[in-house]
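Here is query-v8.pdb, consisting of PDB, C-alpha atoms:
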```pdb
ATOM      1  CA  MET A   1      33.575  69.896 -50.434
ATOM      2  CA  THR A   2      33.090  72.963 -48.221
ATOM      3  CA  TYR A   3      35.642  74.111 -45.662
ATOM      4  CA  GLN A   4      33.469  72.963 -42.749
ATOM      5  CA  GLY A   5      32.887  69.610 -44.426
ATOM      6  CA  ALA A   6      36.617  69.121 -44.945
ATOM      7  CA  ARG A   7      37.293  69.892 -41.285
ATOM      8  CA  CYS A   8      34.592  67.446 -40.190
ATOM      9  CA  SER A   9      36.025  64.727 -42.428
ATOM     10  CA  ALA A  10      39.532  65.412 -41.105
ATOM     11  CA  ARG A  11      38.294  65.065 -37.527
ATOM     12  CA  VAL A  12      36.613  61.751 -38.309
ATOM     13  CA  VAL A  13      39.783  60.440 -39.972
ATOM     14  CA  ALA A  14      41.890  61.656 -37.033
ATOM     15  CA  LEU A  15      39.617  59.866 -34.563
ATOM     16  CA  GLY A  16      39.793  56.672 -36.623
ATOM     17  CA  LEU A  17      43.590  56.821 -36.821
ATOM     18  CA  LEU A  18      43.839  57.441 -33.070
ATOM     19  CA  MET A  19      41.714  54.345 -32.467
ATOM     20  CA  LEU A  20      43.933  52.331 -34.815
ATOM     21  CA  CYS A  21      47.021  53.539 -32.949
ATOM     22  CA  ALA A  22      45.498  52.481 -29.628
ATOM     23  CA  LEU A  23      44.511  49.110 -31.093
ATOM     24  CA  GLY A  24      47.982  48.597 -32.555
ATOM     25  CA  ILE A  25      49.665  49.390 -29.244
ATOM     26  CA  ALA A  26      47.330  46.993 -27.419
ATOM     27  CA  LEU A  27      48.018  44.230 -29.944
ATOM     28  CA  GLY A  28      51.739  44.969 -29.843
ATOM     29  CA  SER A  29      51.786  44.394 -26.104
ATOM     30  CA  ALA A  30      50.270  40.942 -26.678
ATOM     31  CA  VAL A  31      52.494  39.773 -29.559
ATOM     32  CA  GLY A  32      55.542  37.757 -28.557
ATOM     33  CA  SER A  33      58.026  35.418 -30.180
ATOM     34  CA  THR A  34      55.466  32.604 -30.248
ATOM     35  CA  GLY A  35      52.636  34.676 -31.702
ATOM     36  CA  ILE A  36      49.697  36.421 -30.046
ATOM     37  CA  GLU A  37      49.466  35.832 -26.326
ATOM     38  CA  SER A  38      46.971  36.970 -23.738
ATOM     39  CA  TRP A  39      48.232  40.004 -21.827
ATOM     40  CA  PHE A  40      45.722  39.355 -19.068
ATOM     41  CA  SER A  41      48.171  36.795 -17.691
ATOM     42  CA  ALA A  42      50.556  39.657 -16.931
ATOM     43  CA  LEU A  43      48.224  40.737 -14.111
ATOM     44  CA  HIS A  44      49.063  37.536 -12.206
ATOM     45  CA  ASP A  45      52.597  36.743 -13.403
ATOM     46  CA  ASP A  46      55.534  39.015 -12.526
ATOM     47  CA  THR A  47      57.643  37.713 -15.416
ATOM     48  CA  ALA A  48      54.836  38.241 -17.918
ATOM     49  CA  TRP A  49      54.253  41.720 -16.490
ATOM     50  CA  HIS A  50      57.934  42.580 -16.956
ATOM     51  CA  ILE A  51      57.818  41.366 -20.573
ATOM     52  CA  VAL A  52      54.694  43.368 -21.355
ATOM     53  CA  TRP A  53      55.565  46.574 -19.498
ATOM     54  CA  ASP A  54      59.326  46.806 -20.081
ATOM     55  CA  ILE A  55      59.701  45.215 -23.543
ATOM     56  CA  ARG A  56      56.552  44.971 -25.649
ATOM     57  CA  LEU A  57      54.664  48.098 -24.595
ATOM     58  CA  PRO A  58      57.541  50.595 -25.011
ATOM     59  CA  ARG A  59      58.412  48.958 -28.308
ATOM     60  CA  SER A  60      54.878  49.498 -29.609
ATOM     61  CA  VAL A  61      54.637  53.054 -28.266
ATOM     62  CA  GLY A  62      58.073  53.813 -29.710
ATOM     63  CA  ALA A  63      57.124  52.391 -33.116
ATOM     64  CA  CYS A  64      54.043  54.621 -33.131
ATOM     65  CA  ALA A  65      56.095  57.689 -32.135
ATOM     66  CA  ALA A  66      58.830  57.017 -34.715
ATOM     67  CA  GLY A  67      56.263  56.454 -37.457
ATOM     68  CA  ALA A  68      54.516  59.680 -36.460
ATOM     69  CA  LEU A  69      57.797  61.609 -36.721
ATOM     70  CA  LEU A  70      58.470  60.181 -40.181
ATOM     71  CA  GLY A  71      54.900  60.814 -41.331
ATOM     72  CA  LEU A  72      55.059  64.423 -40.138
ATOM     73  CA  ALA A  73      58.436  64.918 -41.823
ATOM     74  CA  GLY A  74      57.074  63.440 -45.047
ATOM     75  CA  ALA A  75      54.115  65.841 -45.041
ATOM     76  CA  LEU A  76      56.461  68.789 -44.518
ATOM     77  CA  ALA A  77      58.802  67.634 -47.292
ATOM     78  CA  GLN A  78      55.978  67.160 -49.787
ATOM     79  CA  GLY A  79      54.457  70.515 -48.920
ATOM     80  CA  LEU A  80      57.789  72.324 -48.996
ATOM     81  CA  PHE A  81      58.844  70.957 -52.387
ATOM     82  CA  ARG A  82      55.307  70.727 -53.802
ATOM     83  CA  ASN A  83      56.189  67.201 -54.872
ATOM     84  CA  PRO A  84      54.117  64.147 -53.830
ATOM     85  CA  LEU A  85      57.228  61.940 -54.175
ATOM     86  CA  ALA A  86      59.272  63.883 -51.625
ATOM     87  CA  ASP A  87      60.188  61.994 -48.454
ATOM     88  CA  PRO A  88      61.998  62.825 -45.180
ATOM     89  CA  TYR A  89      65.323  61.514 -46.498
ATOM     90  CA  LEU A  90      65.314  63.784 -49.541
ATOM     91  CA  LEU A  91      67.885  66.359 -48.404
ATOM     92  CA  GLY A  92      70.452  63.823 -47.269
ATOM     93  CA  SER A  93      69.207  63.923 -43.688
ATOM     94  CA  ALA A  94      69.086  60.126 -43.395
ATOM     95  CA  SER A  95      72.662  59.707 -44.599
ATOM     96  CA  GLY A  96      73.712  62.539 -42.318
ATOM     97  CA  ALA A  97      72.001  60.879 -39.380
ATOM     98  CA  SER A  98      73.687  57.584 -40.292
ATOM     99  CA  LEU A  99      77.049  59.308 -40.363
ATOM    100  CA  GLY A 100      76.375  60.919 -36.992
ATOM    101  CA  VAL A 101      75.438  57.567 -35.474
ATOM    102  CA  ALA A 102      78.499  55.906 -37.039
ATOM    103  CA  VAL A 103      80.751  58.550 -35.489
ATOM    104  CA  ALA A 104      78.970  58.190 -32.131
ATOM    105  CA  LEU A 105      79.315  54.413 -32.239
ATOM    106  CA  ALA A 106      82.994  54.712 -33.035
ATOM    107  CA  LEU A 107      83.395  56.977 -30.005
ATOM    108  CA  PHE A 108      81.131  55.011 -27.657
ATOM    109  CA  GLY A 109      82.254  51.624 -28.944
ATOM    110  CA  GLY A 110      78.869  50.141 -28.088
ATOM    111  CA  ASN A 111      75.511  49.113 -29.464
ATOM    112  CA  PRO A 112      73.366  51.786 -31.180
ATOM    113  CA  PHE A 113      70.335  50.727 -29.166
ATOM    114  CA  ALA A 114      71.902  50.968 -25.698
ATOM    115  CA  ALA A 115      69.310  51.437 -23.018
ATOM    116  CA  GLU A 116      70.959  54.161 -20.932
ATOM    117  CA  PHE A 117      69.238  57.486 -21.335
ATOM    118  CA  LEU A 118      72.429  59.508 -21.752
ATOM    119  CA  VAL A 119      73.620  57.197 -24.501
ATOM    120  CA  ARG A 120      70.216  57.436 -26.138
ATOM    121  CA  LEU A 121      70.372  61.209 -25.932
ATOM    122  CA  GLY A 122      73.911  61.136 -27.300
ATOM    123  CA  LEU A 123      72.942  59.000 -30.286
ATOM    124  CA  THR A 124      69.874  61.112 -30.931
ATOM    125  CA  GLY A 125      71.970  64.246 -30.658
ATOM    126  CA  ALA A 126      74.590  62.775 -32.994
ATOM    127  CA  ALA A 127      71.918  61.764 -35.500
ATOM    128  CA  PHE A 128      70.334  65.206 -35.307
ATOM    129  CA  VAL A 129      73.679  66.968 -35.729
ATOM    130  CA  GLY A 130      74.503  64.718 -38.684
ATOM    131  CA  ALA A 131      71.098  65.359 -40.258
ATOM    132  CA  VAL A 132      71.392  69.117 -39.760
ATOM    133  CA  LEU A 133      74.944  69.183 -41.154
ATOM    134  CA  ALA A 134      73.784  67.247 -44.208
ATOM    135  CA  VAL A 135      70.867  69.621 -44.722
ATOM    136  CA  LEU A 136      73.080  72.696 -44.229
ATOM    137  CA  LEU A 137      75.600  71.355 -46.723
ATOM    138  CA  THR A 138      72.729  70.711 -49.123
ATOM    139  CA  LEU A 139      71.577  74.308 -48.683
ATOM    140  CA  VAL A 140      75.108  75.602 -49.304
ATOM    141  CA  LEU A 141      75.499  73.530 -52.471
ATOM    142  CA  ALA A 142      72.048  74.585 -53.664
ATOM    143  CA  ARG A 143      72.795  78.246 -52.805
ATOM    144  CA  GLY A 144      69.729  78.588 -50.643
ATOM    145  CA  VAL A 145      66.189  77.300 -50.729
ATOM    146  CA  GLN A 146      64.895  79.270 -53.709
ATOM    147  CA  HIS A 147      65.559  76.663 -56.427
ATOM    148  CA  THR A 148      63.877  73.368 -55.557
ATOM    149  CA  LEU A 149      65.431  71.332 -58.379
ATOM    150  CA  ARG A 150      68.940  72.400 -57.401
ATOM    151  CA  LEU A 151      68.069  71.640 -53.778
ATOM    152  CA  LEU A 152      66.940  68.109 -54.644
ATOM    153  CA  LEU A 153      70.061  67.399 -56.700
ATOM    154  CA  ALA A 154      72.289  68.724 -53.925
ATOM    155  CA  GLY A 155      70.456  66.487 -51.430
ATOM    156  CA  VAL A 156      71.144  63.418 -53.559
ATOM    157  CA  ILE A 157      74.848  64.293 -53.783
ATOM    158  CA  VAL A 158      75.180  64.949 -50.067
ATOM    159  CA  GLY A 159      73.358  61.708 -49.277
ATOM    160  CA  VAL A 160      75.737  59.657 -51.407
ATOM    161  CA  VAL A 161      78.852  61.328 -49.961
ATOM    162  CA  PHE A 162      77.749  61.082 -46.326
ATOM    163  CA  GLY A 163      76.702  57.466 -46.833
ATOM    164  CA  ALA A 164      80.130  56.660 -48.262
ATOM    165  CA  VAL A 165      81.871  58.294 -45.278
ATOM    166  CA  ALA A 166      79.682  56.321 -42.869
ATOM    167  CA  SER A 167      80.616  53.114 -44.691
ATOM    168  CA  LEU A 168      84.280  54.070 -44.495
ATOM    169  CA  ILE A 169      84.041  54.574 -40.723
ATOM    170  CA  THR A 170      82.354  51.192 -40.421
ATOM    171  CA  LEU A 171      85.194  49.548 -42.354
ATOM    172  CA  MET A 172      87.806  51.272 -40.219
ATOM    173  CA  ARG A 173      86.055  50.188 -37.009
ATOM    174  CA  PRO A 174      84.814  46.597 -37.497
ATOM    175  CA  ASP A 175      83.595  46.496 -33.889
ATOM    176  CA  VAL A 176      80.652  48.740 -34.821
ATOM    177  CA  LEU A 177      79.768  46.735 -37.931
ATOM    178  CA  GLN A 178      77.046  44.683 -36.260
ATOM    179  CA  GLY A 179      75.508  47.752 -34.668
ATOM    180  CA  MET A 180      75.496  49.647 -37.940
ATOM    181  CA  GLN A 181      73.965  46.675 -39.744
ATOM    182  CA  GLY A 182      71.040  46.701 -37.343
ATOM    183  CA  PHE A 183      70.782  50.455 -37.750
ATOM    184  CA  LEU A 184      70.725  50.310 -41.558
ATOM    185  CA  LEU A 185      68.111  47.533 -41.639
ATOM    186  CA  GLY A 186      65.849  49.366 -39.202
ATOM    187  CA  SER A 187      64.507  47.865 -35.996
ATOM    188  CA  THR A 188      62.102  48.700 -33.193
ATOM    189  CA  SER A 189      63.292  45.816 -31.011
ATOM    190  CA  PHE A 190      65.381  47.828 -28.574
ATOM    191  CA  ILE A 191      63.165  50.850 -27.942
ATOM    192  CA  GLY A 192      62.705  51.511 -24.226
ATOM    193  CA  TRP A 193      60.668  53.971 -22.223
ATOM    194  CA  ASN A 194      63.438  56.582 -22.258
ATOM    195  CA  ALA A 195      63.485  56.549 -26.056
ATOM    196  CA  CYS A 196      59.672  56.787 -26.097
ATOM    197  CA  VAL A 197      59.719  59.881 -23.873
ATOM    198  CA  LEU A 198      62.400  61.419 -26.060
ATOM    199  CA  MET A 199      60.537  60.786 -29.320
ATOM    200  CA  LEU A 200      57.170  61.895 -27.944
ATOM    201  CA  GLY A 201      58.731  65.124 -26.661
ATOM    202  CA  VAL A 202      60.327  65.860 -30.032
ATOM    203  CA  LEU A 203      57.071  64.934 -31.778
ATOM    204  CA  LEU A 204      55.160  67.455 -29.676
ATOM    205  CA  VAL A 205      57.676  70.204 -30.480
ATOM    206  CA  CYS A 206      57.625  69.375 -34.192
ATOM    207  CA  LEU A 207      53.817  69.323 -34.283
ATOM    208  CA  VAL A 208      53.613  72.760 -32.664
ATOM    209  CA  LEU A 209      56.165  74.204 -35.102
ATOM    210  CA  ALA A 210      54.530  72.508 -38.088
ATOM    211  CA  PHE A 211      51.132  73.900 -37.102
ATOM    212  CA  ALA A 212      52.647  77.371 -36.841
ATOM    213  CA  LEU A 213      54.132  77.039 -40.343
ATOM    214  CA  SER A 214      51.168  75.307 -41.985
ATOM    215  CA  ARG A 215      49.761  78.522 -43.471
ATOM    216  CA  VAL A 216      52.951  78.969 -45.475
ATOM    217  CA  LEU A 217      52.595  75.433 -46.847
ATOM    218  CA  ASP A 218      49.023  76.262 -47.877
ATOM    219  CA  ALA A 219      50.285  79.363 -49.683
ATOM    220  CA  LEU A 220      53.129  77.448 -51.361
ATOM    221  CA  SER A 221      50.642  74.883 -52.665
ATOM    222  CA  LEU A 222      49.074  77.723 -54.698
ATOM    223  CA  GLY A 223      52.431  78.650 -56.212
ATOM    224  CA  GLU A 224      55.488  80.583 -55.128
ATOM    225  CA  SER A 225      54.320  83.804 -56.758
ATOM    226  CA  THR A 226      51.052  83.626 -54.829
ATOM    227  CA  ALA A 227      52.921  83.079 -51.561
ATOM    228  CA  LEU A 228      55.148  86.086 -52.296
ATOM    229  CA  SER A 229      52.136  88.235 -53.142
ATOM    230  CA  LEU A 230      50.729  87.476 -49.694
ATOM    231  CA  GLY A 231      53.825  89.001 -48.124
ATOM    232  CA  LEU A 232      55.075  85.776 -46.545
ATOM    233  CA  PRO A 233      58.787  85.609 -45.607
ATOM    234  CA  LEU A 234      59.522  82.512 -47.669
ATOM    235  CA  VAL A 235      63.265  82.218 -47.096
ATOM    236  CA  PRO A 236      63.253  82.141 -43.245
ATOM    237  CA  VAL A 237      60.122  80.010 -43.216
ATOM    238  CA  ARG A 238      61.674  77.490 -45.589
ATOM    239  CA  VAL A 239      64.763  77.336 -43.382
ATOM    240  CA  ALA A 240      62.524  76.728 -40.364
ATOM    241  CA  LEU A 241      60.675  73.960 -42.225
ATOM    242  CA  VAL A 242      63.963  72.316 -43.164
ATOM    243  CA  CYS A 243      65.089  72.446 -39.513
ATOM    244  CA  VAL A 244      61.854  70.834 -38.290
ATOM    245  CA  LEU A 245      62.209  68.216 -41.023
ATOM    246  CA  ALA A 246      65.765  67.457 -39.910
ATOM    247  CA  LEU A 247      64.811  67.296 -36.223
ATOM    248  CA  ALA A 248      61.936  64.874 -36.788
ATOM    249  CA  THR A 249      63.910  62.682 -39.173
ATOM    250  CA  GLY A 250      67.073  62.643 -37.073
ATOM    251  CA  THR A 251      65.205  61.696 -33.892
ATOM    252  CA  ALA A 252      63.290  58.849 -35.540
ATOM    253  CA  VAL A 253      66.345  57.521 -37.372
ATOM    254  CA  ALA A 254      68.454  57.574 -34.216
ATOM    255  CA  GLN A 255      66.018  55.322 -32.363
ATOM    256  CA  THR A 256      64.828  52.937 -35.083
ATOM    257  CA  GLY A 257      67.457  53.111 -37.814
ATOM    258  CA  LEU A 258      66.569  53.625 -41.469
ATOM    259  CA  VAL A 259      62.886  52.811 -41.964
ATOM    260  CA  ALA A 260      61.893  53.342 -45.590
ATOM    261  CA  PHE A 261      58.682  54.573 -47.243
ATOM    262  CA  VAL A 262      56.713  55.442 -44.079
ATOM    263  CA  GLY A 263      57.315  59.158 -44.557
ATOM    264  CA  LEU A 264      56.466  58.880 -48.240
ATOM    265  CA  ALA A 265      53.362  56.714 -47.994
ATOM    266  CA  ALA A 266      51.675  58.331 -44.974
ATOM    267  CA  PRO A 267      50.875  61.720 -46.616
ATOM    268  CA  HIS A 268      49.824  59.902 -49.816
ATOM    269  CA  LEU A 269      47.293  57.817 -47.916
ATOM    270  CA  VAL A 270      45.997  60.845 -46.021
ATOM    271  CA  ARG A 271      45.439  62.845 -49.218
ATOM    272  CA  SER A 272      43.668  59.888 -50.821
ATOM    273  CA  VAL A 273      41.184  59.844 -47.931
ATOM    274  CA  VAL A 274      40.569  63.526 -47.207
ATOM    275  CA  LYS A 275      41.272  66.869 -48.874
ATOM    276  CA  THR A 276      42.065  69.531 -46.310
ATOM    277  CA  GLN A 277      44.561  72.188 -45.261
ATOM    278  CA  HIS A 278      48.139  71.507 -44.237
ATOM    279  CA  ASN A 279      47.522  71.870 -40.511
ATOM    280  CA  TRP A 280      45.267  68.809 -40.695
ATOM    281  CA  ILE A 281      47.478  67.081 -43.276
ATOM    282  CA  VAL A 282      50.471  67.319 -40.932
ATOM    283  CA  LEU A 283      48.521  65.913 -37.980
ATOM    284  CA  LEU A 284      46.854  63.159 -40.001
ATOM    285  CA  SER A 285      50.146  62.209 -41.674
ATOM    286  CA  ALA A 286      51.753  61.845 -38.250
ATOM    287  CA  LEU A 287      48.917  59.595 -37.086
ATOM    288  CA  MET A 288      49.012  57.617 -40.340
ATOM    289  CA  GLY A 289      52.780  57.165 -40.015
ATOM    290  CA  GLY A 290      52.277  55.819 -36.502
ATOM    291  CA  VAL A 291      49.657  53.345 -37.737
ATOM    292  CA  LEU A 292      51.860  52.198 -40.635
ATOM    293  CA  LEU A 293      54.954  51.564 -38.532
ATOM    294  CA  LEU A 294      52.895  49.856 -35.835
ATOM    295  CA  ALA A 295      51.393  47.538 -38.463
ATOM    296  CA  ALA A 296      54.828  46.832 -39.929
ATOM    297  CA  ASP A 297      56.204  46.105 -36.459
ATOM    298  CA  LEU A 298      53.409  43.631 -35.754
ATOM    299  CA  LEU A 299      53.931  41.895 -39.099
ATOM    300  CA  ALA A 300      57.698  41.764 -38.531
ATOM    301  CA  ARG A 301      57.075  39.849 -35.307
ATOM    302  CA  LEU A 302      54.416  37.506 -36.678
ATOM    303  CA  LEU A 303      55.542  36.554 -40.203
ATOM    304  CA  LEU A 304      58.646  34.537 -39.254
ATOM    305  CA  SER A 305      57.749  33.763 -35.638
ATOM    306  CA  PRO A 306      59.677  32.888 -33.477
ATOM    307  CA  GLN A 307      62.286  34.712 -35.565
ATOM    308  CA  GLU A 308      61.863  38.386 -36.385
ATOM    309  CA  MET A 309      62.145  40.284 -39.648
ATOM    310  CA  PRO A 310      63.833  43.733 -39.597
ATOM    311  CA  VAL A 311      61.022  46.254 -39.768
ATOM    312  CA  GLY A 312      62.943  48.428 -42.248
ATOM    313  CA  VAL A 313      63.084  45.553 -44.716
ATOM    314  CA  LEU A 314      59.345  44.983 -44.386
ATOM    315  CA  THR A 315      58.440  48.661 -44.885
ATOM    316  CA  ALA A 316      60.723  48.789 -47.943
ATOM    317  CA  VAL A 317      58.988  45.786 -49.529
ATOM    318  CA  LEU A 318      55.468  46.994 -48.725
ATOM    319  CA  GLY A 319      56.246  50.614 -49.590
ATOM    320  CA  GLY A 320      57.849  49.631 -52.886
ATOM    321  CA  GLY A 321      54.775  47.598 -53.754
ATOM    322  CA  TYR A 322      52.555  50.554 -52.874
ATOM    323  CA  LEU A 323      54.534  52.863 -55.169
ATOM    324  CA  LEU A 324      54.379  50.348 -58.022
ATOM    325  CA  TRP A 325      50.612  50.175 -57.584
ATOM    326  CA  LEU A 326      50.392  53.976 -57.682
ATOM    327  CA  MET A 327      52.430  54.042 -60.889
ATOM    328  CA  TYR A 328      50.241  51.365 -62.469
ATOM    329  CA  ARG A 329      47.058  53.192 -61.444
ATOM    330  CA  SER A 330      48.302  56.509 -62.844
ATOM    331  CA  GLN A 331      49.284  54.869 -66.162
ATOM    332  CA  THR A 332      45.947  53.085 -66.522
ATOM    333  CA  SER A 333      44.040  56.292 -65.719
ATOM    334  CA  ARG A 334      45.953  58.133 -68.444
ATOM    335  CA  ALA A 335      45.357  55.325 -70.946
ATOM    336  CA  ALA A 336      41.620  55.219 -70.243
ATOM    337  CA  PRO A 337      39.534  57.162 -72.815
TER     338      PRO A 337
END
```
Whole structure given in structure tokens:
Amino acid sequence: MTYQGARCSARVVALGLLMLCALGIALGSAVGSTGIESWFSALHDDTAWHIVWDIRLPRSVGACAAGALLGLAGALAQGLFRNPLADPYLLGSASGASLGVAVALALFGGNPFAAEFLVRLGLTGAAFVGAVLAVLLTLVLARGVQHTLRLLLAGVIVGVVFGAVASLITLMRPDVLQGMQGFLLGSTSFIGWNACVLMLGVLLVCLVLAFALSRVLDALSLGESTALSLGLPLVPVRVALVCVLALATGTAVAQTGLVAFVGLAAPHLVRSVVKTQHNWIVLLSALMGGVLLLAADLLARLLLSPQEMPVGVLTAVLGGGYLLWLMYRSQTSRAAP
């Protein structure tokens, strides 16, 4: 496919994903505890209007924004490590964010999904600081960003240690146990407009930075020696990519908890549909992540209605099934003559 053809295909896919996001948000505003309801009644009923505008609509917009952050982070991680199995939680950022939220909860003594904007900002800041500290510790243990295998192993170690410390804090402070349980399972139930504004603002910043760094990802996809021959400053650019990855992951995790496989599956699905450069891959992965988490949120509300399934559990089950299918397809393709 030519360069112009790839760009045209990417634009068509982007338009389709934007339409799916809009459709998912519209459906999300009409899905309640008793199933799908007509949101036209909200125009004549103040209570229905409050439910749609203050509960369902921000939840759907927030799910789309959080999924977009995870999808963007997944595209950056896979491009940075040149590994299609890389995900946003690879460098211990999720465990670091969990530790930051556990510390914040122990200090605040409240629910992780409190509605006040300052508390939201504090939890997001704590999650971001925890994610950055985990990533920095990973970089120190790996002695920089030059050796990807050492970096991955260090990320696994840091993730285990930070997760253990978060569990220890939870045991020492039983009053935050319920809040941490909801955080670990992942939920979009308590996202409000303030959290939506926060996530959309961070998403915009991360998209701008990712676009600025996309040329380096294109060069890295050709090999590290090729990127060096082009005169690209790989070390500072890799540090910048890691920081953007931590910011996107920490913000999403702080608002929705640990939502698995969205950041891993979104870039996979994008690359299976269109082959293009990383500037489009980053944008399309963000849109795909928003669509995936919106779909999971809708299913979480509908499957056990009037009860609700934690969205993190649902994405883990569906994402695990998707990975098993990928493994089966790759094995059958190798076995075929």
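Taking atom CA of A:Leu293 and atom CA of A:Val216 as endpoints, the distance between them is 28.3 Å.
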Handout entry: Among the residues A:Leu241, A:Val311, A:Ala254, A:Ala300, the one that comes closest to A:Leu80 [using all atoms listed in the file]
Key = A:Leu241
Problem - Computed interatomic separation between atom CA of A:Leu90 and atom CA of A:Leu326 (Å) - result: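 So the answer is 19.6 Å.
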Exercise for the section: Would you work out the distance separating atom CA of A:Gly263 from atom CA of A:Pro306, expressed in Å to one decimal? Expected result: 28.6 Å
Exercise for the section: Using the chain letters and numbering of this document, enumerate as a ChimeraX atom specification the residues selected by the PyMOL selection byres ((chain A and resi 160-177) around 6). Expected result: /A:95-96,99,102,157-159,178-180
Practice task
Kindly indicate which residue among A:Val274, A:Val244, A:Val140, A:Ala265 lies nearest to A:Phe128, using only C-alpha atoms for the distances.
Solution key: A:Val244
Exercise for the section: Using the chain letters and residue numbers of this document, give as a list in words the residues selected by the PyMOL selection byres ((chain A and resi 188) around 9). Expected result: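 Matching residues under the PyMOL selection byres ((chain A and resi 188) around 9) are Arg59, Ser60, Gly62, Ala63, Gly186, Ser187, Ser189, Phe190, Ile191, Gln255, Thr256, Gly257, Asp297, Pro310 and Val311 of chain A.
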Handout entry: Result set of the PyMOL selection byres ((chain A and resi 323) around 12) on the coordinates above, as a PyMOL selection string
Key = chain A and resi 84-85+261-262+264-266+268-269+315-322+324-330
For the residues in that selection, give me C-alpha atoms as a JSON list (two decimals), keeping the file's coordinate frame.
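Saved result, again.json, follows:
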```json
[["chain", "number", "residue", "atom", "x", "y", "z"],
["A", 84, "PRO", "CA", 54.12, 64.15, -53.83],
["A", 85, "LEU", "CA", 57.23, 61.94, -54.18],
["A", 261, "PHE", "CA", 58.68, 54.57, -47.24],
["A", 262, "VAL", "CA", 56.71, 55.44, -44.08],
["A", 264, "LEU", "CA", 56.47, 58.88, -48.24],
["A", 265, "ALA", "CA", 53.36, 56.71, -47.99],
["A", 266, "ALA", "CA", 51.68, 58.33, -44.97],
["A", 268, "HIS", "CA", 49.82, 59.90, -49.82],
["A", 269, "LEU", "CA", 47.29, 57.82, -47.92],
["A", 315, "THR", "CA", 58.44, 48.66, -44.88],
["A", 316, "ALA", "CA", 60.72, 48.79, -47.94],
["A", 317, "VAL", "CA", 58.99, 45.79, -49.53],
["A", 318, "LEU", "CA", 55.47, 46.99, -48.72],
["A", 319, "GLY", "CA", 56.25, 50.61, -49.59],
["A", 320, "GLY", "CA", 57.85, 49.63, -52.89],
["A", 321, "GLY", "CA", 54.78, 47.60, -53.75],
["A", 322, "TYR", "CA", 52.56, 50.55, -52.87],
["A", 324, "LEU", "CA", 54.38, 50.35, -58.02],
["A", 325, "TRP", "CA", 50.61, 50.18, -57.58],
["A", 326, "LEU", "CA", 50.39, 53.98, -57.68],
["A", 327, "MET", "CA", 52.43, 54.04, -60.89],
["A", 328, "TYR", "CA", 50.24, 51.36, -62.47],
["A", 329, "ARG", "CA", 47.06, 53.19, -61.44],
["A", 330, "SER", "CA", 48.30, 56.51, -62.84]]
```
Handout entry: Contact residues around A:Val135 with only C-alpha atoms at 9 Å, ignoring same-chain residues under 2 positions, as a PyMOL selection string
Key = chain A and resi 91-93+96+130-133+137-140+155+158+242-243+246
Write the selection just made, keeping C-alpha atoms, as an mmCIF file, in the coordinates of the input?
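Once written, selection.cif looks like this:
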```
data_model
loop_
_atom_site.group_PDB
_atom_site.id
_atom_site.type_symbol
_atom_site.label_atom_id
_atom_site.label_comp_id
_atom_site.auth_asym_id
_atom_site.auth_seq_id
_atom_site.Cartn_x
_atom_site.Cartn_y
_atom_site.Cartn_z
ATOM 1 C CA LEU A 91 67.885 66.359 -48.404
ATOM 2 C CA GLY A 92 70.452 63.823 -47.269
ATOM 3 C CA SER A 93 69.207 63.923 -43.688
ATOM 4 C CA GLY A 96 73.712 62.539 -42.318
ATOM 5 C CA GLY A 130 74.503 64.718 -38.684
ATOM 6 C CA ALA A 131 71.098 65.359 -40.258
ATOM 7 C CA VAL A 132 71.392 69.117 -39.760
ATOM 8 C CA LEU A 133 74.944 69.183 -41.154
ATOM 9 C CA LEU A 137 75.600 71.355 -46.723
ATOM 10 C CA THR A 138 72.729 70.711 -49.123
ATOM 11 C CA LEU A 139 71.577 74.308 -48.683
ATOM 12 C CA VAL A 140 75.108 75.602 -49.304
ATOM 13 C CA GLY A 155 70.456 66.487 -51.430
ATOM 14 C CA VAL A 158 75.180 64.949 -50.067
ATOM 15 C CA VAL A 242 63.963 72.316 -43.164
ATOM 16 C CA CYS A 243 65.089 72.446 -39.513
ATOM 17 C CA ALA A 246 65.765 67.457 -39.910
#
```
Exercise for the section: Would you list the contacts of stretch 70-79 of chain A as a VMD selection string, taking every protein, DNA or RNA residue within 7 Å and counting only C-alpha atoms, but skipping same-chain residues closer than 4 positions in sequence? Expected result: chain A and resid 66 83 to 88 217 221 245 248 to 249 252 262 to 264 266 to 267 281 to 282 285 to 286 288 to 289
Output of the above residues as a compact mmCIF listing (two decimals), in the frame of the given file, restricted to C-alpha atoms:
```
# COMPACT_ATOMS: atom_id res chain seq x y z
CA ALA A 66 58.83 57.02 -34.72
CA ASN A 83 56.19 67.20 -54.87
CA PRO A 84 54.12 64.15 -53.83
CA LEU A 85 57.23 61.94 -54.18
CA ALA A 86 59.27 63.88 -51.62
CA ASP A 87 60.19 61.99 -48.45
CA PRO A 88 62.00 62.82 -45.18
CA LEU A 217 52.60 75.43 -46.85
CA SER A 221 50.64 74.88 -52.66
CA LEU A 245 62.21 68.22 -41.02
CA ALA A 248 61.94 64.87 -36.79
CA THR A 249 63.91 62.68 -39.17
CA ALA A 252 63.29 58.85 -35.54
CA VAL A 262 56.71 55.44 -44.08
CA GLY A 263 57.32 59.16 -44.56
CA LEU A 264 56.47 58.88 -48.24
CA ALA A 266 51.68 58.33 -44.97
CA PRO A 267 50.88 61.72 -46.62
CA ILE A 281 47.48 67.08 -43.28
CA VAL A 282 50.47 67.32 -40.93
CA SER A 285 50.15 62.21 -41.67
CA ALA A 286 51.75 61.84 -38.25
CA MET A 288 49.01 57.62 -40.34
CA GLY A 289 52.78 57.16 -40.02
```
Problem - Residue nearest A:Ala48 among A:Ala30, A:Leu220, A:Val61, A:Ala240 (counting all atoms listed in the file) - result: A:Ala30
Coordinates of box centre and edge lengths for stretch 147-159 of chain A, 6 Å on every side, axis-aligned, as JSON:
```
{"center_x": 69.5, "center_y": 69.2, "center_z": -53.8, "size_x": 23.3, "size_y": 27.0, "size_z": 21.1}
```
